[in-house]
>>> print(open('final-v8.cif').read())   # mmCIF, C-alpha atoms, pLDDT in the B column; chains and numbers go by the auth columns
data_input
#
loop_
_atom_site.group_PDB
_atom_site.id
_atom_site.type_symbol
_atom_site.label_atom_id
_atom_site.label_comp_id
_atom_site.label_asym_id
_atom_site.label_seq_id
_atom_site.Cartn_x
_atom_site.Cartn_y
_atom_site.Cartn_z
_atom_site.B_iso_or_equiv
_atom_site.auth_seq_id
_atom_site.auth_asym_id
ATOM 1 C CA MET A 1 -18.474 21.535 11.428 37.00 192 A
ATOM 2 C CA SER A 2 -15.507 21.652 9.047 52.00 193 A
ATOM 3 C CA ALA A 3 -15.625 23.076 5.539 70.00 194 A
ATOM 4 C CA VAL A 4 -13.757 20.292 3.791 82.00 195 A
ATOM 5 C CA ARG A 5 -13.030 20.562 0.081 92.00 196 A
ATOM 6 C CA LEU A 6 -12.597 17.570 -2.224 96.00 197 A
ATOM 7 C CA SER A 7 -9.605 17.107 -4.480 98.00 198 A
ATOM 8 C CA ALA A 8 -8.665 14.305 -6.859 98.00 199 A
ATOM 9 C CA SER A 9 -5.315 13.027 -8.032 98.00 200 A
ATOM 10 C CA VAL A 10 -4.661 13.663 -11.711 98.00 201 A
ATOM 11 C CA SER A 11 -1.630 11.376 -11.484 98.00 202 A
ATOM 12 C CA VAL A 12 -3.274 8.108 -10.419 98.00 203 A
ATOM 13 C CA MET A 13 -6.848 8.838 -11.555 98.00 204 A
ATOM 14 C CA PHE A 14 -8.255 9.849 -14.959 98.00 205 A
ATOM 15 C CA ARG A 15 -5.355 8.090 -16.649 98.00 206 A
ATOM 16 C CA GLU A 16 -7.597 7.208 -19.604 97.00 207 A
ATOM 17 C CA LEU A 17 -6.848 10.772 -20.766 98.00 208 A
ATOM 18 C CA PRO A 18 -3.703 12.811 -21.449 98.00 209 A
ATOM 19 C CA VAL A 19 -2.597 14.574 -18.276 98.00 210 A
ATOM 20 C CA LEU A 20 -3.533 18.082 -19.402 98.00 211 A
ATOM 21 C CA GLU A 21 -7.112 16.968 -20.081 98.00 212 A
ATOM 22 C CA ARG A 22 -7.566 15.471 -16.611 98.00 213 A
ATOM 23 C CA PHE A 23 -7.964 18.816 -14.825 98.00 214 A
ATOM 24 C CA ALA A 24 -11.200 19.750 -16.576 98.00 215 A
ATOM 25 C CA VAL A 25 -12.609 16.238 -16.204 98.00 216 A
ATOM 26 C CA ALA A 26 -11.853 16.298 -12.466 98.00 217 A
ATOM 27 C CA ARG A 27 -13.709 19.607 -12.148 98.00 218 A
ATOM 28 C CA ALA A 28 -16.674 18.274 -14.128 97.00 219 A
ATOM 29 C CA ALA A 29 -16.816 15.269 -11.773 96.00 220 A
ATOM 30 C CA GLY A 30 -17.286 17.615 -8.814 94.00 221 A
ATOM 31 C CA PHE A 31 -13.773 18.139 -7.443 97.00 222 A
ATOM 32 C CA ALA A 32 -12.723 21.680 -6.536 97.00 223 A
ATOM 33 C CA GLY A 33 -9.040 20.787 -6.426 98.00 224 A
ATOM 34 C CA VAL A 34 -6.465 18.413 -7.830 98.00 225 A
ATOM 35 C CA GLU A 35 -3.318 16.716 -6.594 98.00 226 A
ATOM 36 C CA ILE A 36 -0.255 16.151 -8.774 98.00 227 A
ATOM 37 C CA GLN A 37 1.892 13.276 -7.521 97.00 228 A
ATOM 38 C CA ASN A 38 4.145 13.322 -10.599 96.00 229 A
ATOM 39 C CA ILE A 39 5.157 16.859 -11.540 96.00 230 A
ATOM 40 C CA ALA A 40 7.408 15.456 -14.258 96.00 231 A
ATOM 41 C CA GLU A 41 4.424 14.124 -16.229 96.00 232 A
ATOM 42 C CA ALA A 42 3.962 17.489 -17.954 97.00 233 A
ATOM 43 C CA GLU A 43 5.542 20.939 -17.980 97.00 234 A
ATOM 44 C CA PRO A 44 4.438 22.787 -14.825 97.00 235 A
ATOM 45 C CA ARG A 45 3.413 25.924 -16.732 98.00 236 A
ATOM 46 C CA ALA A 46 1.178 23.822 -18.958 98.00 237 A
ATOM 47 C CA MET A 47 -0.389 22.128 -15.942 98.00 238 A
ATOM 48 C CA ALA A 48 -0.901 25.513 -14.289 98.00 239 A
ATOM 49 C CA ALA A 49 -2.705 26.739 -17.396 98.00 240 A
ATOM 50 C CA ALA A 50 -4.843 23.589 -17.501 98.00 241 A
ATOM 51 C CA ALA A 51 -5.789 24.017 -13.839 98.00 242 A
ATOM 52 C CA LYS A 52 -6.673 27.679 -14.335 98.00 243 A
ATOM 53 C CA THR A 53 -8.781 26.944 -17.395 98.00 244 A
ATOM 54 C CA ALA A 54 -10.587 24.143 -15.572 98.00 245 A
ATOM 55 C CA GLY A 55 -11.185 26.286 -12.501 98.00 246 A
ATOM 56 C CA VAL A 56 -9.523 23.905 -10.049 98.00 247 A
ATOM 57 C CA ALA A 57 -7.052 24.704 -7.297 98.00 248 A
ATOM 58 C CA VAL A 58 -3.845 22.693 -6.968 98.00 249 A
ATOM 59 C CA ALA A 59 -4.117 21.238 -3.481 98.00 250 A
ATOM 60 C CA LEU A 60 -0.845 19.335 -3.483 98.00 251 A
ATOM 61 C CA ILE A 61 2.220 18.348 -5.442 98.00 252 A
ATOM 62 C CA ASN A 62 4.853 15.736 -4.624 98.00 253 A
ATOM 63 C CA VAL A 63 8.598 16.231 -4.589 98.00 254 A
ATOM 64 C CA GLY A 64 10.263 13.945 -7.134 97.00 255 A
ATOM 65 C CA MET A 65 10.841 10.539 -5.543 96.00 256 A
ATOM 66 C CA GLY A 66 13.812 9.245 -7.507 96.00 257 A
ATOM 67 C CA ASP A 67 13.704 5.466 -7.854 97.00 258 A
ATOM 68 C CA PHE A 68 10.997 4.968 -5.203 97.00 259 A
ATOM 69 C CA PRO A 69 8.142 4.254 -7.707 95.00 260 A
ATOM 70 C CA ALA A 70 10.291 1.509 -9.250 95.00 261 A
ATOM 71 C CA GLY A 71 10.866 -0.123 -5.861 95.00 262 A
ATOM 72 C CA GLY A 72 14.056 1.663 -4.840 97.00 263 A
ATOM 73 C CA GLY A 73 14.873 3.631 -1.730 97.00 264 A
ATOM 74 C CA GLY A 74 13.901 7.021 -3.069 98.00 265 A
ATOM 75 C CA LEU A 75 15.650 10.226 -2.054 98.00 266 A
ATOM 76 C CA VAL A 76 14.649 11.851 1.214 98.00 267 A
ATOM 77 C CA GLY A 77 15.921 9.237 3.675 98.00 268 A
ATOM 78 C CA VAL A 78 18.709 7.508 1.759 98.00 269 A
ATOM 79 C CA PRO A 79 22.343 8.138 2.699 98.00 270 A
ATOM 80 C CA GLY A 80 24.238 9.422 -0.318 97.00 271 A
ATOM 81 C CA GLN A 81 21.135 10.897 -1.961 97.00 272 A
ATOM 82 C CA GLU A 82 21.162 14.215 -0.100 98.00 273 A
ATOM 83 C CA ALA A 83 22.062 16.265 -3.170 98.00 274 A
ATOM 84 C CA GLY A 84 19.451 14.473 -5.248 98.00 275 A
ATOM 85 C CA PHE A 85 16.735 15.191 -2.708 98.00 276 A
ATOM 86 C CA ARG A 86 17.615 18.860 -2.410 98.00 277 A
ATOM 87 C CA ALA A 87 17.656 19.277 -6.184 98.00 278 A
ATOM 88 C CA ALA A 88 14.242 17.589 -6.420 98.00 279 A
ATOM 89 C CA PHE A 89 12.908 19.772 -3.611 98.00 280 A
ATOM 90 C CA ALA A 90 14.142 22.929 -5.347 98.00 281 A
ATOM 91 C CA GLN A 91 12.297 21.826 -8.496 98.00 282 A
ATOM 92 C CA ALA A 92 9.155 21.205 -6.448 98.00 283 A
ATOM 93 C CA LEU A 93 9.341 24.676 -4.897 98.00 284 A
ATOM 94 C CA GLU A 94 9.536 26.231 -8.358 98.00 285 A
ATOM 95 C CA ALA A 95 6.667 24.087 -9.638 98.00 286 A
ATOM 96 C CA ALA A 96 4.569 24.904 -6.562 98.00 287 A
ATOM 97 C CA SER A 97 5.037 28.610 -7.252 98.00 288 A
ATOM 98 C CA LEU A 98 3.888 28.206 -10.858 98.00 289 A
ATOM 99 C CA LEU A 99 0.937 26.019 -9.873 98.00 290 A
ATOM 100 C CA GLY A 100 -0.092 27.927 -6.758 98.00 291 A
ATOM 101 C CA ALA A 101 0.072 24.624 -4.872 98.00 292 A
ATOM 102 C CA ALA A 102 -1.152 24.747 -1.280 98.00 293 A
ATOM 103 C CA ASN A 103 0.960 21.797 -0.109 98.00 294 A
ATOM 104 C CA ILE A 104 4.243 20.128 -1.033 98.00 295 A
ATOM 105 C CA HIS A 105 4.500 16.470 -0.047 98.00 296 A
ATOM 106 C CA ILE A 106 8.138 15.725 0.720 97.00 297 A
ATOM 107 C CA GLY A 107 7.647 12.097 -0.252 90.00 298 A
ATOM 108 C CA PRO A 108 8.355 8.588 1.030 96.00 299 A
ATOM 109 C CA SER A 109 11.574 6.651 1.413 97.00 300 A
ATOM 110 C CA ARG A 110 12.612 3.036 1.949 98.00 301 A
ATOM 111 C CA VAL A 111 15.508 1.625 3.940 98.00 302 A
ATOM 112 C CA PRO A 112 17.927 0.162 1.359 97.00 303 A
ATOM 113 C CA ALA A 113 19.273 -3.334 1.968 96.00 304 A
ATOM 114 C CA GLY A 114 22.369 -3.247 4.136 97.00 305 A
ATOM 115 C CA THR A 115 21.754 0.302 5.371 98.00 306 A
ATOM 116 C CA PRO A 116 21.027 0.859 9.075 98.00 307 A
ATOM 117 C CA ARG A 117 17.569 2.276 9.727 97.00 308 A
ATOM 118 C CA ASP A 118 19.011 4.859 12.128 97.00 309 A
ATOM 119 C CA ALA A 119 21.311 6.149 9.378 98.00 310 A
ATOM 120 C CA CYS A 120 18.296 6.619 7.101 98.00 311 A
ATOM 121 C CA LEU A 121 16.382 8.440 9.831 97.00 312 A
ATOM 122 C CA ALA A 122 19.352 10.763 10.389 98.00 313 A
ATOM 123 C CA VAL A 123 19.393 11.647 6.684 98.00 314 A
ATOM 124 C CA TYR A 124 15.618 12.080 6.709 98.00 315 A
ATOM 125 C CA ARG A 125 15.825 14.534 9.625 97.00 316 A
ATOM 126 C CA ALA A 126 18.640 16.480 7.959 97.00 317 A
ATOM 127 C CA ASN A 127 16.704 16.688 4.700 98.00 318 A
ATOM 128 C CA LEU A 128 13.567 17.864 6.486 97.00 319 A
ATOM 129 C CA LYS A 129 15.594 20.629 8.135 97.00 320 A
ATOM 130 C CA ALA A 130 17.100 21.553 4.764 97.00 321 A
ATOM 131 C CA ALA A 131 13.635 21.632 3.164 98.00 322 A
ATOM 132 C CA VAL A 132 12.314 23.948 5.881 97.00 323 A
ATOM 133 C CA ALA A 133 15.243 26.300 5.302 97.00 324 A
ATOM 134 C CA MET A 134 14.870 26.196 1.509 97.00 325 A
ATOM 135 C CA ALA A 135 11.145 26.897 1.770 97.00 326 A
ATOM 136 C CA ALA A 136 11.554 30.006 3.921 96.00 327 A
ATOM 137 C CA GLY A 137 9.130 32.618 2.612 95.00 328 A
ATOM 138 C CA HIS A 138 7.329 30.153 0.319 97.00 329 A
ATOM 139 C CA PRO A 139 3.564 30.007 0.968 97.00 330 A
ATOM 140 C CA ALA A 140 3.148 26.249 0.500 98.00 331 A
ATOM 141 C CA ARG A 141 2.871 23.929 3.492 98.00 332 A
ATOM 142 C CA LEU A 142 5.314 21.012 3.642 98.00 333 A
ATOM 143 C CA LEU A 143 3.903 17.559 4.376 98.00 334 A
ATOM 144 C CA ILE A 144 5.218 14.192 5.520 98.00 335 A
ATOM 145 C CA GLU A 145 3.209 10.970 5.303 98.00 336 A
ATOM 146 C CA PRO A 146 3.446 7.660 7.155 97.00 337 A
ATOM 147 C CA ILE A 147 3.185 4.704 4.744 98.00 338 A
ATOM 148 C CA ASN A 148 1.915 1.311 5.868 98.00 339 A
ATOM 149 C CA PRO A 149 4.547 -1.456 6.127 97.00 340 A
ATOM 150 C CA VAL A 150 2.106 -4.129 4.941 97.00 341 A
ATOM 151 C CA ASP A 151 2.514 -2.899 1.362 97.00 342 A
ATOM 152 C CA ASN A 152 6.044 -1.560 1.907 96.00 343 A
ATOM 153 C CA PRO A 153 7.941 -3.651 4.499 97.00 344 A
ATOM 154 C CA THR A 154 11.096 -1.512 4.300 98.00 345 A
ATOM 155 C CA ILE A 155 9.337 1.869 4.432 98.00 346 A
ATOM 156 C CA LEU A 156 11.121 4.403 6.624 98.00 347 A
ATOM 157 C CA LEU A 157 8.226 6.489 7.986 98.00 348 A
ATOM 158 C CA ARG A 158 5.595 3.948 8.941 96.00 349 A
ATOM 159 C CA ASP A 159 3.251 5.307 11.599 94.00 350 A
ATOM 160 C CA VAL A 160 1.529 8.487 12.738 96.00 351 A
ATOM 161 C CA PRO A 161 3.290 8.859 16.127 96.00 352 A
ATOM 162 C CA GLN A 162 6.691 8.690 14.431 95.00 353 A
ATOM 163 C CA ALA A 163 5.630 11.382 11.948 97.00 354 A
ATOM 164 C CA ILE A 164 4.293 13.639 14.702 97.00 355 A
ATOM 165 C CA GLU A 165 7.560 13.247 16.632 96.00 356 A
ATOM 166 C CA LEU A 166 9.527 14.355 13.573 96.00 357 A
ATOM 167 C CA ILE A 167 7.201 17.306 12.951 97.00 358 A
ATOM 168 C CA ALA A 168 7.673 18.459 16.526 95.00 359 A
ATOM 169 C CA GLU A 169 11.425 17.951 16.352 95.00 360 A
ATOM 170 C CA VAL A 170 12.326 19.567 13.034 94.00 361 A
ATOM 171 C CA GLY A 171 9.172 21.095 11.540 85.00 362 A
ATOM 172 C CA GLY A 172 9.650 24.631 12.780 88.00 363 A
ATOM 173 C CA GLY A 173 5.940 25.223 12.254 93.00 364 A
ATOM 174 C CA ARG A 174 6.307 24.601 8.505 96.00 365 A
ATOM 175 C CA ILE A 175 5.658 20.843 8.294 98.00 366 A
ATOM 176 C CA GLY A 176 2.232 19.233 8.627 98.00 367 A
ATOM 177 C CA LEU A 177 0.982 15.665 8.696 98.00 368 A
ATOM 178 C CA MET A 178 -0.530 13.979 5.675 98.00 369 A
ATOM 179 C CA PHE A 179 -3.190 11.700 7.152 98.00 370 A
ATOM 180 C CA ASP A 180 -3.838 9.004 4.575 98.00 371 A
ATOM 181 C CA ILE A 181 -6.957 6.990 5.400 98.00 372 A
ATOM 182 C CA TYR A 182 -5.752 4.064 3.280 98.00 373 A
ATOM 183 C CA HIS A 183 -2.440 3.713 5.116 98.00 374 A
ATOM 184 C CA ALA A 184 -4.094 4.195 8.513 98.00 375 A
ATOM 185 C CA ALA A 185 -6.590 1.449 7.679 98.00 376 A
ATOM 186 C CA MET A 186 -3.841 -0.883 6.476 98.00 377 A
ATOM 187 C CA ASN A 187 -2.069 -0.246 9.790 97.00 378 A
ATOM 188 C CA GLY A 188 -5.217 -1.502 11.551 97.00 379 A
ATOM 189 C CA LEU A 189 -6.078 1.793 13.232 97.00 380 A
ATOM 190 C CA ASP A 190 -9.462 2.876 14.536 98.00 381 A
ATOM 191 C CA LEU A 191 -9.822 5.596 11.911 98.00 382 A
ATOM 192 C CA PRO A 192 -12.024 8.165 13.720 98.00 383 A
ATOM 193 C CA LYS A 193 -9.954 7.792 16.910 98.00 384 A
ATOM 194 C CA ALA A 194 -6.656 8.063 15.029 98.00 385 A
ATOM 195 C CA PHE A 195 -7.872 11.140 13.172 98.00 386 A
ATOM 196 C CA ARG A 196 -9.008 12.868 16.362 97.00 387 A
ATOM 197 C CA GLN A 197 -5.704 12.121 18.102 97.00 388 A
ATOM 198 C CA ALA A 198 -3.622 13.430 15.194 98.00 389 A
ATOM 199 C CA GLU A 199 -5.871 16.354 14.252 97.00 390 A
ATOM 200 C CA PRO A 200 -3.645 19.136 15.673 97.00 391 A
ATOM 201 C CA TRP A 201 -0.885 18.109 13.254 97.00 392 A
ATOM 202 C CA ILE A 202 -2.986 17.228 10.185 98.00 393 A
ATOM 203 C CA SER A 203 -2.614 19.546 7.187 97.00 394 A
ATOM 204 C CA HIS A 204 -3.970 17.288 4.427 98.00 395 A
ATOM 205 C CA VAL A 205 -6.094 14.126 4.172 98.00 396 A
ATOM 206 C CA GLN A 206 -6.082 11.508 1.426 98.00 397 A
ATOM 207 C CA PHE A 207 -8.177 8.399 0.955 98.00 398 A
ATOM 208 C CA ALA A 208 -8.590 5.112 -0.877 98.00 399 A
ATOM 209 C CA ASP A 209 -10.335 1.942 0.235 98.00 400 A
ATOM 210 C CA ALA A 210 -8.407 -0.815 1.956 98.00 401 A
ATOM 211 C CA PRO A 211 -7.313 -3.328 1.031 98.00 402 A
ATOM 212 C CA GLY A 212 -6.682 -2.821 -2.674 97.00 403 A
ATOM 213 C CA ARG A 213 -6.303 0.973 -2.776 98.00 404 A
ATOM 214 C CA HIS A 214 -9.305 1.344 -5.051 98.00 405 A
ATOM 215 C CA GLU A 215 -12.364 3.618 -4.795 98.00 406 A
ATOM 216 C CA PRO A 216 -14.559 3.612 -1.664 97.00 407 A
ATOM 217 C CA GLY A 217 -16.868 0.616 -1.631 97.00 408 A
ATOM 218 C CA THR A 218 -14.303 -1.856 -2.960 98.00 409 A
ATOM 219 C CA GLY A 219 -12.756 -2.692 0.420 98.00 410 A
ATOM 220 C CA ARG A 220 -13.600 -2.741 4.114 98.00 411 A
ATOM 221 C CA THR A 221 -13.013 0.870 5.190 98.00 412 A
ATOM 222 C CA ASP A 222 -15.822 2.546 7.141 96.00 413 A
ATOM 223 C CA PHE A 223 -15.852 5.772 5.160 96.00 414 A
ATOM 224 C CA ALA A 224 -19.112 6.954 6.685 94.00 415 A
ATOM 225 C CA GLY A 225 -17.483 6.851 10.101 95.00 416 A
ATOM 226 C CA ILE A 226 -14.228 8.559 9.204 96.00 417 A
ATOM 227 C CA PHE A 227 -15.890 11.200 6.993 95.00 418 A
ATOM 228 C CA ALA A 228 -18.329 12.002 9.814 93.00 419 A
ATOM 229 C CA ALA A 229 -15.390 12.360 12.213 95.00 420 A
ATOM 230 C CA ILE A 230 -13.662 14.743 9.805 95.00 421 A
ATOM 231 C CA ALA A 231 -16.847 16.762 9.382 93.00 422 A
ATOM 232 C CA ALA A 232 -17.251 17.047 13.152 94.00 423 A
ATOM 233 C CA SER A 233 -13.679 18.266 13.575 94.00 424 A
ATOM 234 C CA SER A 234 -12.093 21.667 13.085 94.00 425 A
ATOM 235 C CA TYR A 235 -10.183 20.437 10.029 95.00 426 A
ATOM 236 C CA THR A 236 -10.658 22.789 7.060 93.00 427 A
ATOM 237 C CA GLY A 237 -8.154 21.415 4.564 95.00 428 A
ATOM 238 C CA TRP A 238 -8.493 19.243 1.494 97.00 429 A
ATOM 239 C CA LEU A 239 -9.838 15.693 1.383 97.00 430 A
ATOM 240 C CA GLY A 240 -8.008 14.091 -1.485 98.00 431 A
ATOM 241 C CA ALA A 241 -9.133 11.082 -3.524 98.00 432 A
ATOM 242 C CA GLU A 242 -5.927 9.231 -4.353 98.00 433 A
ATOM 243 C CA TYR A 243 -7.054 5.801 -5.445 98.00 434 A
ATOM 244 C CA LEU A 244 -6.423 3.371 -8.278 98.00 435 A
ATOM 245 C CA PRO A 245 -9.806 3.079 -9.991 98.00 436 A
ATOM 246 C CA SER A 246 -10.969 -0.512 -10.354 98.00 437 A
ATOM 247 C CA VAL A 247 -12.977 0.566 -13.416 98.00 438 A
ATOM 248 C CA ALA A 248 -12.764 3.538 -15.746 97.00 439 A
ATOM 249 C CA THR A 249 -12.322 6.591 -13.520 98.00 440 A
ATOM 250 C CA ALA A 250 -15.590 8.178 -14.657 96.00 441 A
ATOM 251 C CA GLU A 251 -17.402 5.001 -13.573 97.00 442 A
ATOM 252 C CA SER A 252 -15.787 4.926 -10.112 98.00 443 A
ATOM 253 C CA PHE A 253 -17.706 7.781 -8.472 97.00 444 A
ATOM 254 C CA GLY A 254 -20.643 5.865 -7.030 96.00 445 A
ATOM 255 C CA TRP A 255 -19.286 6.743 -3.578 95.00 446 A
ATOM 256 C CA LEU A 256 -19.190 10.488 -4.198 94.00 447 A
ATOM 257 C CA GLU A 257 -22.711 11.633 -3.383 91.00 448 A
ATOM 258 C CA PRO A 258 -23.553 9.258 -0.509 90.00 449 A
ATOM 259 C CA LEU A 259 -20.231 9.729 1.268 84.00 450 A
ATOM 260 C CA THR A 260 -19.903 13.475 0.840 84.00 451 A
ATOM 261 C CA ALA A 261 -23.302 13.768 2.519 83.00 452 A
ATOM 262 C CA HIS A 262 -21.420 12.949 5.719 80.00 453 A
ATOM 263 C CA LEU A 263 -19.276 16.064 5.206 82.00 454 A
ATOM 264 C CA ARG A 264 -22.199 18.497 5.221 71.00 455 A
#
>>> encode(input="final-v8.cif", output="structure tokens")
Amino acid sequence: MSAVRLSASVSVMFRELPVLERFAVARAAGFAGVEIQNIAEAEPRAMAAAAKTAGVAVALINVGMGDFPAGGGGLVGVPGQEAGFRAAFAQALEAASLLGAANIHIGPSRVPAGTPRDACLAVYRANLKAAVAMAAGHPARLLIEPINPVDNPTILLRDVPQAIELIAEVGGGRIGLMFDIYHAAMNGLDLPKAFRQAEPWISHVQFADAPGRHEPGTGRTDFAGIFAAIAASSYTGWLGAEYLPSVATAESFGWLEPLTAHLR
């Protein structure tokens, strides 16, 4: 039986409040940890102080994604953006040290129009190798995450086997898999089976319901099944709520008690 801990994103949830107030509210809602997808939303030292005061661990931060949130290619797998990615990764390493972050998500990338996919994959591999070298001696785990192509047709890293292949090829024991239940569901996977197959590589788990990416109970995902599979596994990392609340965040936690019962 795994000892899974729950974290919540303070970047996509609790947005009714200023960012530095979200840490305490997440703790009061029952989350032992937080995720920070946008480290530029506040000064890292201020966020570290807010987390310490609230008594929450920082489970994860994201490397800056460049123009990806606005629909662009991003940084990590885009030819010509190598320097931009490495600068963003250096900033993330510094922020992770200040925040005591357990994981650093290297971030997604799209294939820009007119750019060969293979060229993007070559840049992605080179940047992963550079990140591993830059992170030498840093305690945080590096993560990569497959993103579903239903929502993002030009996404570069789109499925779990591809991510595992890259981890084996360039990870050097430093890179783990981010298993996102939402993206796996959107890819049409049998969630418990996919989790069990990928478990040796999984370092972090996130979730939102699919479709819609809202809180559990708003879509068709069998959370009881996947949470029970996680609980029965040897996974001991974080289980991160990273959803877009369909109502005020404080009103979106009807899933919390019934679903976490499957983790005990």
>>> atom_distance(input="final-v8.cif", atom1="atom CA of A:Phe418", atom2="atom CA of A:Val195")
9.9 Å
>>> residues_around(input="final-v8.cif", residues="A:Asn378", least_positions_apart="6", cutoff="12 Å", atoms="all atoms listed in the file", output="JSON, numbers by chain")
{"A": [337, 338, 339, 340, 341, 342, 343, 344, 349, 350, 351, 371, 372, 385, 401, 402, 412]}
>>> resolve_selection(input="final-v8.cif", expression="the PyMOL selection byres ((chain A and resi 221) around 12)", output="VMD selection string")
chain A and resid 196 to 199 214 to 220 222 to 225 245 to 247 432 441 444 447 to 448 451
>>> atom_distance(input="final-v8.cif", atom1="atom CA of A:Ser202", atom2="atom CA of A:Gln228")
5.6 Å
>>> closest_residue(input="final-v8.cif", among="A:Thr345, A:Gln272, A:Asn294, A:Asn229", to="A:Ala248", atoms="all atoms listed in the file")
A:Asn294
>>> residues_around(input="final-v8.cif", residues="A:Pro303", least_positions_apart="4", cutoff="10 Å", atoms="all atoms listed in the file", output="JSON, numbers by chain")
{"A": [263, 264, 265, 268, 269, 270, 307, 308, 311, 345, 346, 347]}
>>> resolve_selection(input="final-v8.cif", expression="the PyMOL selection byres ((chain A and resi 322) around 10)", output="VMD selection string")
chain A and resid 276 to 277 280 to 281 284 297 316 to 321 323 to 327 333 362 365 to 366
>>> residues_near_point(input="final-v8.cif", point="(4.1, 16.4, -18.7)", cutoff="12 Å", atoms="only C-alpha atoms", output="ChimeraX atom specification")
/A:201-202,209-213,227-239,241
>>> atom_distance(input="final-v8.cif", atom1="atom CA of A:Gly291", atom2="atom CA of A:Leu334")
15.7 Å
>>> residues_around(input="final-v8.cif", residues="A:Gly298", least_positions_apart="3", cutoff="7 Å", atoms="only C-alpha atoms", output="PDB file with C-alpha atoms, in the frame of the given file")
ATOM      1  CA  ASN A 253       4.853  15.736  -4.624  1.00 98.00           C
ATOM      2  CA  VAL A 254       8.598  16.231  -4.589  1.00 98.00           C
ATOM      3  CA  MET A 256      10.841  10.539  -5.543  1.00 96.00           C
ATOM      4  CA  ILE A 335       5.218  14.192   5.520  1.00 98.00           C
TER       5      ILE A 335
END
>>> resolve_selection(input="final-v8.cif", expression="the PyMOL selection byres ((chain A and resi 355-358) around 8)", output="list in words")
Arg316, Val351, Pro352, Gln353, Ala354, Ala359, Glu360, Val361, Gly362, Gly363, Ile366, Gly367, Leu368, Ala389 and Trp392 of chain A
>>> write_last_selection(input="final-v8.cif", atoms="C-alpha atoms", output="short mmCIF file (atom, residue, chain, number, x, y, z; two decimals), in the coordinates of the input")
data_model
loop_
_atom_site.label_atom_id
_atom_site.label_comp_id
_atom_site.auth_asym_id
_atom_site.auth_seq_id
_atom_site.Cartn_x
_atom_site.Cartn_y
_atom_site.Cartn_z
CA ARG A 316 15.82 14.53 9.62
CA VAL A 351 1.53 8.49 12.74
CA PRO A 352 3.29 8.86 16.13
CA GLN A 353 6.69 8.69 14.43
CA ALA A 354 5.63 11.38 11.95
CA ALA A 359 7.67 18.46 16.53
CA GLU A 360 11.42 17.95 16.35
CA VAL A 361 12.33 19.57 13.03
CA GLY A 362 9.17 21.10 11.54
CA GLY A 363 9.65 24.63 12.78
CA ILE A 366 5.66 20.84 8.29
CA GLY A 367 2.23 19.23 8.63
CA LEU A 368 0.98 15.66 8.70
CA ALA A 389 -3.62 13.43 15.19
CA TRP A 392 -0.88 18.11 13.25
#
>>> closest_residue(input="final-v8.cif", among="A:Ala415, A:Ala313, A:Leu251, A:Ile421", to="A:Ala293", atoms="all atoms listed in the file")
A:Leu251
>>> residues_around(input="final-v8.cif", residues="A:Arg455", least_positions_apart="2", cutoff="10 Å", atoms="all atoms listed in the file", output="VMD selection string")
chain A and resid 192 to 195 418 to 419 422 to 423 450 to 453
>>> closest_residue(input="final-v8.cif", among="A:Arg411, A:His405, A:His395, A:His329", to="A:Ser443", atoms="all atoms listed in the file")
A:His405
>>> closest_residue(input="final-v8.cif", among="A:Asp413, A:Asp400, A:Glu406, A:Glu273", to="A:Thr440", atoms="only C-alpha atoms")
A:Glu406
